[in-house]
Structures are given as C-alpha cells and as structure tokens.
Amino acid sequence: MKNFALADRIAGLMKEARTELELRLALDEATAEMGFSYFALAQHTPNVKQEGFRLHSYPEAWERFYDEQNLTVSDPVHRASQRTNLGFSWSDISRLISLTAADERMLTLGQARGIGDGFTVPGHVPGEISGSCTFVVETGRAVPALMLPVAHWVGAFAFETARRIWQQRTRPIPVSITLTERQRECVFWMAMGKSDWAISKILKIGSYTVSQHLQTARERLDVDNRTSLAVWSLYHGIISFNDLLKR
C-alpha cells in the first residue's frame, strides 16, 4: 500500500513537470525514496552528439568515461532493453542477450567506479528512438527488490514525461480522452495484470468483447501495447492509483 502511495505521489510530480529541472528533481526524490543511488533517463542514440534526451545523476567520472568511449553504441543494458518491454534487473541481462567479453569488462569498470546493480525500464515508441529509465545502487549494495514494481511505474512515467518535455514524439498529447465505462473497467483490470480471459470472467462478458474494448482504448490513446495503455490511462486520469489501491 505504501509503495502504491509512493508511486502515485511521484507520478503526480512527473505529470506536473514542465522543465528538465523539474523532472530531474522528481527523479532525484524518487531515486532516494525507492532506495537507489542513481538514475539515468535517456534515448539510446547511436552517439552522444545525436539529438535525444538524456538526464542522469551518475558520478561525473563515469559520465566522462562513458562518453569518451562512446559506450552508448555497445552498452549491454541498452541492447538488453531492446529485447523486452518489461523492466529487468541487470543481474538478468544474460537471460536477454549474450554477454561478450567487452560487455563483462564494461560492467566491471562500472562497478569499479561505483555503478553497482541496476533496474532498467525500457521505453519503446514506434517511429522514435528507443530509450530507457534506469535506477542504480552503489557497488556493494543490493537492489531494493520490494521497490521494483514502483520503479517500473516511475520509470515509465519518467520516460513519457521526458518525451513530452523534449517534444520528441510524433503526435500531440490529447487534451481530453474519454472511454466508455465498460472500456474503462477493462483497462482497469488489465492494469491490475489480468488477462482478457480473466477480465471476461470478472465482468461477465465475452473474452472477444474484452479484447475489442481494449483495442478501442489503445486506438483512442494512440498506443500499441498493454503497458503503454496502462501508463497513458493513469496519465490522463482514466484510471488512478487510488483505484488500484482499493483492490
């Protein structure tokens, strides 16, 4: 319950952020309260000179080394994030991609500079440069496992907020989105992690009908997957963390 309340409060700060500084302050607060040491929010551009948003709190020495070596091109965390839409711990990277000797060396160098284990939330939008939001603990500390669901939501909101601030997306944010009550119910239960079949049993309607309601909701919000639908529904107030807390 406390974790949901934290996610709700941080999401509110993200929604209100209008500048890079406000987003940074919100991420600084979220990082500390979730028990992490650093954050990194960026689009994965081929090189540091290419336009794309990047915001982080990594130590200056690591930032300088990372940029001098142009590690963004081969970063194993970035490559792993291309293989999933779900957040993942760095300890699980080898399950997503095959780590090379260079990858192992990069991770070791990071640890030597205070960059320990991390949790990364991928950000994928068709037609745009992919990116991610990562939360990291200092070397020698364990990732706060109980906070990973919160980190997933915060990371997703941070990525969407950065897209809004940097105006990188190809469409404007809709001023107002309306769904029918049945569509909203389907979106709510989907955000709770229910399958279309499970939602059909809860609402006593056909599974195909549930799928159609969710498809219509995705079209109205102009998103193409369940995670984005949940995030944008929360963002626009179609559902709320308070709704989720009551269940």
# chains A, B, ... in the order shown; residues from 1 in each chain; ligands from 1
>>> residues_around(residues="Ile93 of chain A", least_positions_apart="4", cutoff="12 Å", atoms="only C-alpha atoms", output="ChimeraX atom specification")
/A:75-84,87-89,97-100,103-104,107,117-120
>>> residues_around(residues="segment 19-26 of chain A", least_positions_apart="3", cutoff="9 Å", atoms="only C-alpha atoms", output="number ranges by chain")
A: 10-11, 13-14, 16, 29-31, 55-57, 158, 161-162, 165-166
>>> write_last_selection(atoms="N, CA and C atoms", output="PDB file, in the first residue's frame")
ATOM      1  N   ILE A  10       4.852  10.248  -6.808  1.00  0.00           N
ATOM      2  CA  ILE A  10       5.911  10.532  -7.774  1.00  0.00           C
ATOM      3  C   ILE A  10       5.329  10.732  -9.167  1.00  0.00           C
ATOM      4  N   ALA A  11       4.319   9.919  -9.511  1.00  0.00           N
ATOM      5  CA  ALA A  11       3.674  10.079 -10.818  1.00  0.00           C
ATOM      6  C   ALA A  11       3.060  11.471 -10.932  1.00  0.00           C
ATOM      7  N   LEU A  13       4.193  14.194  -9.501  1.00  0.00           N
ATOM      8  CA  LEU A  13       5.296  15.126  -9.755  1.00  0.00           C
ATOM      9  C   LEU A  13       5.716  15.083 -11.220  1.00  0.00           C
ATOM     10  N   MET A  14       5.720  13.874 -11.784  1.00  0.00           N
ATOM     11  CA  MET A  14       6.093  13.730 -13.195  1.00  0.00           C
ATOM     12  C   MET A  14       5.092  14.460 -14.093  1.00  0.00           C
ATOM     13  N   GLU A  16       3.298  16.969 -13.418  1.00  0.00           N
ATOM     14  CA  GLU A  16       3.376  18.418 -13.255  1.00  0.00           C
ATOM     15  C   GLU A  16       4.668  19.008 -13.821  1.00  0.00           C
ATOM     16  N   GLU A  29      14.170  12.719  -6.152  1.00  0.00           N
ATOM     17  CA  GLU A  29      13.348  12.347  -4.998  1.00  0.00           C
ATOM     18  C   GLU A  29      12.923  10.886  -5.079  1.00  0.00           C
ATOM     19  N   ALA A  30      12.477  10.470  -6.259  1.00  0.00           N
ATOM     20  CA  ALA A  30      12.036   9.086  -6.434  1.00  0.00           C
ATOM     21  C   ALA A  30      13.181   8.112  -6.204  1.00  0.00           C
ATOM     22  N   THR A  31      14.347   8.438  -6.741  1.00  0.00           N
ATOM     23  CA  THR A  31      15.514   7.563  -6.605  1.00  0.00           C
ATOM     24  C   THR A  31      15.859   7.335  -5.142  1.00  0.00           C
ATOM     25  N   LEU A  55      19.268  12.423 -19.216  1.00  0.00           N
ATOM     26  CA  LEU A  55      19.253  13.030 -17.891  1.00  0.00           C
ATOM     27  C   LEU A  55      19.712  11.955 -16.915  1.00  0.00           C
ATOM     28  N   HIS A  56      20.677  12.262 -16.068  1.00  0.00           N
ATOM     29  CA  HIS A  56      21.166  11.235 -15.139  1.00  0.00           C
ATOM     30  C   HIS A  56      21.826  11.883 -13.924  1.00  0.00           C
ATOM     31  N   SER A  57      22.093  11.058 -12.936  1.00  0.00           N
ATOM     32  CA  SER A  57      22.780  11.531 -11.734  1.00  0.00           C
ATOM     33  C   SER A  57      24.028  10.699 -11.459  1.00  0.00           C
ATOM     34  N   ALA A 158       8.467   8.566 -16.115  1.00  0.00           N
ATOM     35  CA  ALA A 158       9.591   9.460 -16.392  1.00  0.00           C
ATOM     36  C   ALA A 158       9.882   9.516 -17.886  1.00  0.00           C
ATOM     37  N   THR A 161       7.217  11.522 -19.599  1.00  0.00           N
ATOM     38  CA  THR A 161       7.371  12.939 -19.269  1.00  0.00           C
ATOM     39  C   THR A 161       8.516  13.561 -20.060  1.00  0.00           C
ATOM     40  N   ALA A 162       9.618  12.832 -20.183  1.00  0.00           N
ATOM     41  CA  ALA A 162      10.750  13.341 -20.961  1.00  0.00           C
ATOM     42  C   ALA A 162      10.358  13.538 -22.420  1.00  0.00           C
ATOM     43  N   ILE A 165       8.401  16.762 -22.565  1.00  0.00           N
ATOM     44  CA  ILE A 165       9.225  17.949 -22.380  1.00  0.00           C
ATOM     45  C   ILE A 165      10.112  18.207 -23.590  1.00  0.00           C
ATOM     46  N   TRP A 166      10.703  17.170 -24.112  1.00  0.00           N
ATOM     47  CA  TRP A 166      11.611  17.353 -25.249  1.00  0.00           C
ATOM     48  C   TRP A 166      10.882  17.333 -26.598  1.00  0.00           C
TER      49      TRP A 166
END
>>> residues_around(residues="His44 of chain A", least_positions_apart="2", cutoff="7 Å", atoms="only C-alpha atoms", output="VMD selection string")
chain A and resid 42 46 72 78 129 to 131
>>> residues_around(residues="segment 181-196 of chain A", least_positions_apart="4", cutoff="8 Å", atoms="only C-alpha atoms", output="PyMOL selection string")
chain A and resi 200+207-208+210-211+213-214+216-217+226-227+229-230+233+238-239+244
>>> decode(residues="segment 120-150 of chain A", atoms="C-alpha atoms", output="PDB file, in the first residue's frame")
ATOM      1  CA  THR A 120      16.046  -0.750 -16.194  1.00  0.00           C
ATOM      2  CA  VAL A 121      12.626   0.117 -17.615  1.00  0.00           C
ATOM      3  CA  PRO A 122      12.653   0.077 -21.451  1.00  0.00           C
ATOM      4  CA  GLY A 123      10.905   2.792 -23.448  1.00  0.00           C
ATOM      5  CA  HIS A 124       9.738   1.902 -26.950  1.00  0.00           C
ATOM      6  CA  VAL A 125       7.549   4.056 -29.201  1.00  0.00           C
ATOM      7  CA  PRO A 126       7.119   3.115 -32.889  1.00  0.00           C
ATOM      8  CA  GLY A 127       8.892   5.587 -35.164  1.00  0.00           C
ATOM      9  CA  GLU A 128      11.060   7.022 -32.386  1.00  0.00           C
ATOM     10  CA  ILE A 129      14.457   6.273 -30.896  1.00  0.00           C
ATOM     11  CA  SER A 130      14.098   3.725 -28.113  1.00  0.00           C
ATOM     12  CA  GLY A 131      15.306   4.559 -24.639  1.00  0.00           C
ATOM     13  CA  SER A 132      15.069   3.600 -21.013  1.00  0.00           C
ATOM     14  CA  CYS A 133      14.898   4.782 -17.433  1.00  0.00           C
ATOM     15  CA  THR A 134      17.329   3.078 -15.063  1.00  0.00           C
ATOM     16  CA  PHE A 135      17.748   3.131 -11.305  1.00  0.00           C
ATOM     17  CA  VAL A 136      21.093   2.010  -9.882  1.00  0.00           C
ATOM     18  CA  VAL A 137      22.567   1.218  -6.471  1.00  0.00           C
ATOM     19  CA  GLU A 138      26.160   1.853  -5.482  1.00  0.00           C
ATOM     20  CA  THR A 139      28.614  -1.015  -5.770  1.00  0.00           C
ATOM     21  CA  GLY A 140      28.206  -3.421  -2.870  1.00  0.00           C
ATOM     22  CA  ARG A 141      24.537  -2.649  -2.236  1.00  0.00           C
ATOM     23  CA  ALA A 142      21.588  -4.829  -3.203  1.00  0.00           C
ATOM     24  CA  VAL A 143      18.778  -3.608  -5.435  1.00  0.00           C
ATOM     25  CA  PRO A 144      15.681  -2.883  -3.259  1.00  0.00           C
ATOM     26  CA  ALA A 145      13.611  -5.806  -4.566  1.00  0.00           C
ATOM     27  CA  LEU A 146      10.350  -4.714  -2.922  1.00  0.00           C
ATOM     28  CA  MET A 147      10.546  -1.397  -4.765  1.00  0.00           C
ATOM     29  CA  LEU A 148      10.907  -2.826  -8.279  1.00  0.00           C
ATOM     30  CA  PRO A 149       7.164  -2.580  -9.122  1.00  0.00           C
ATOM     31  CA  VAL A 150       7.285   1.073  -8.070  1.00  0.00           C
TER      32      VAL A 150
END
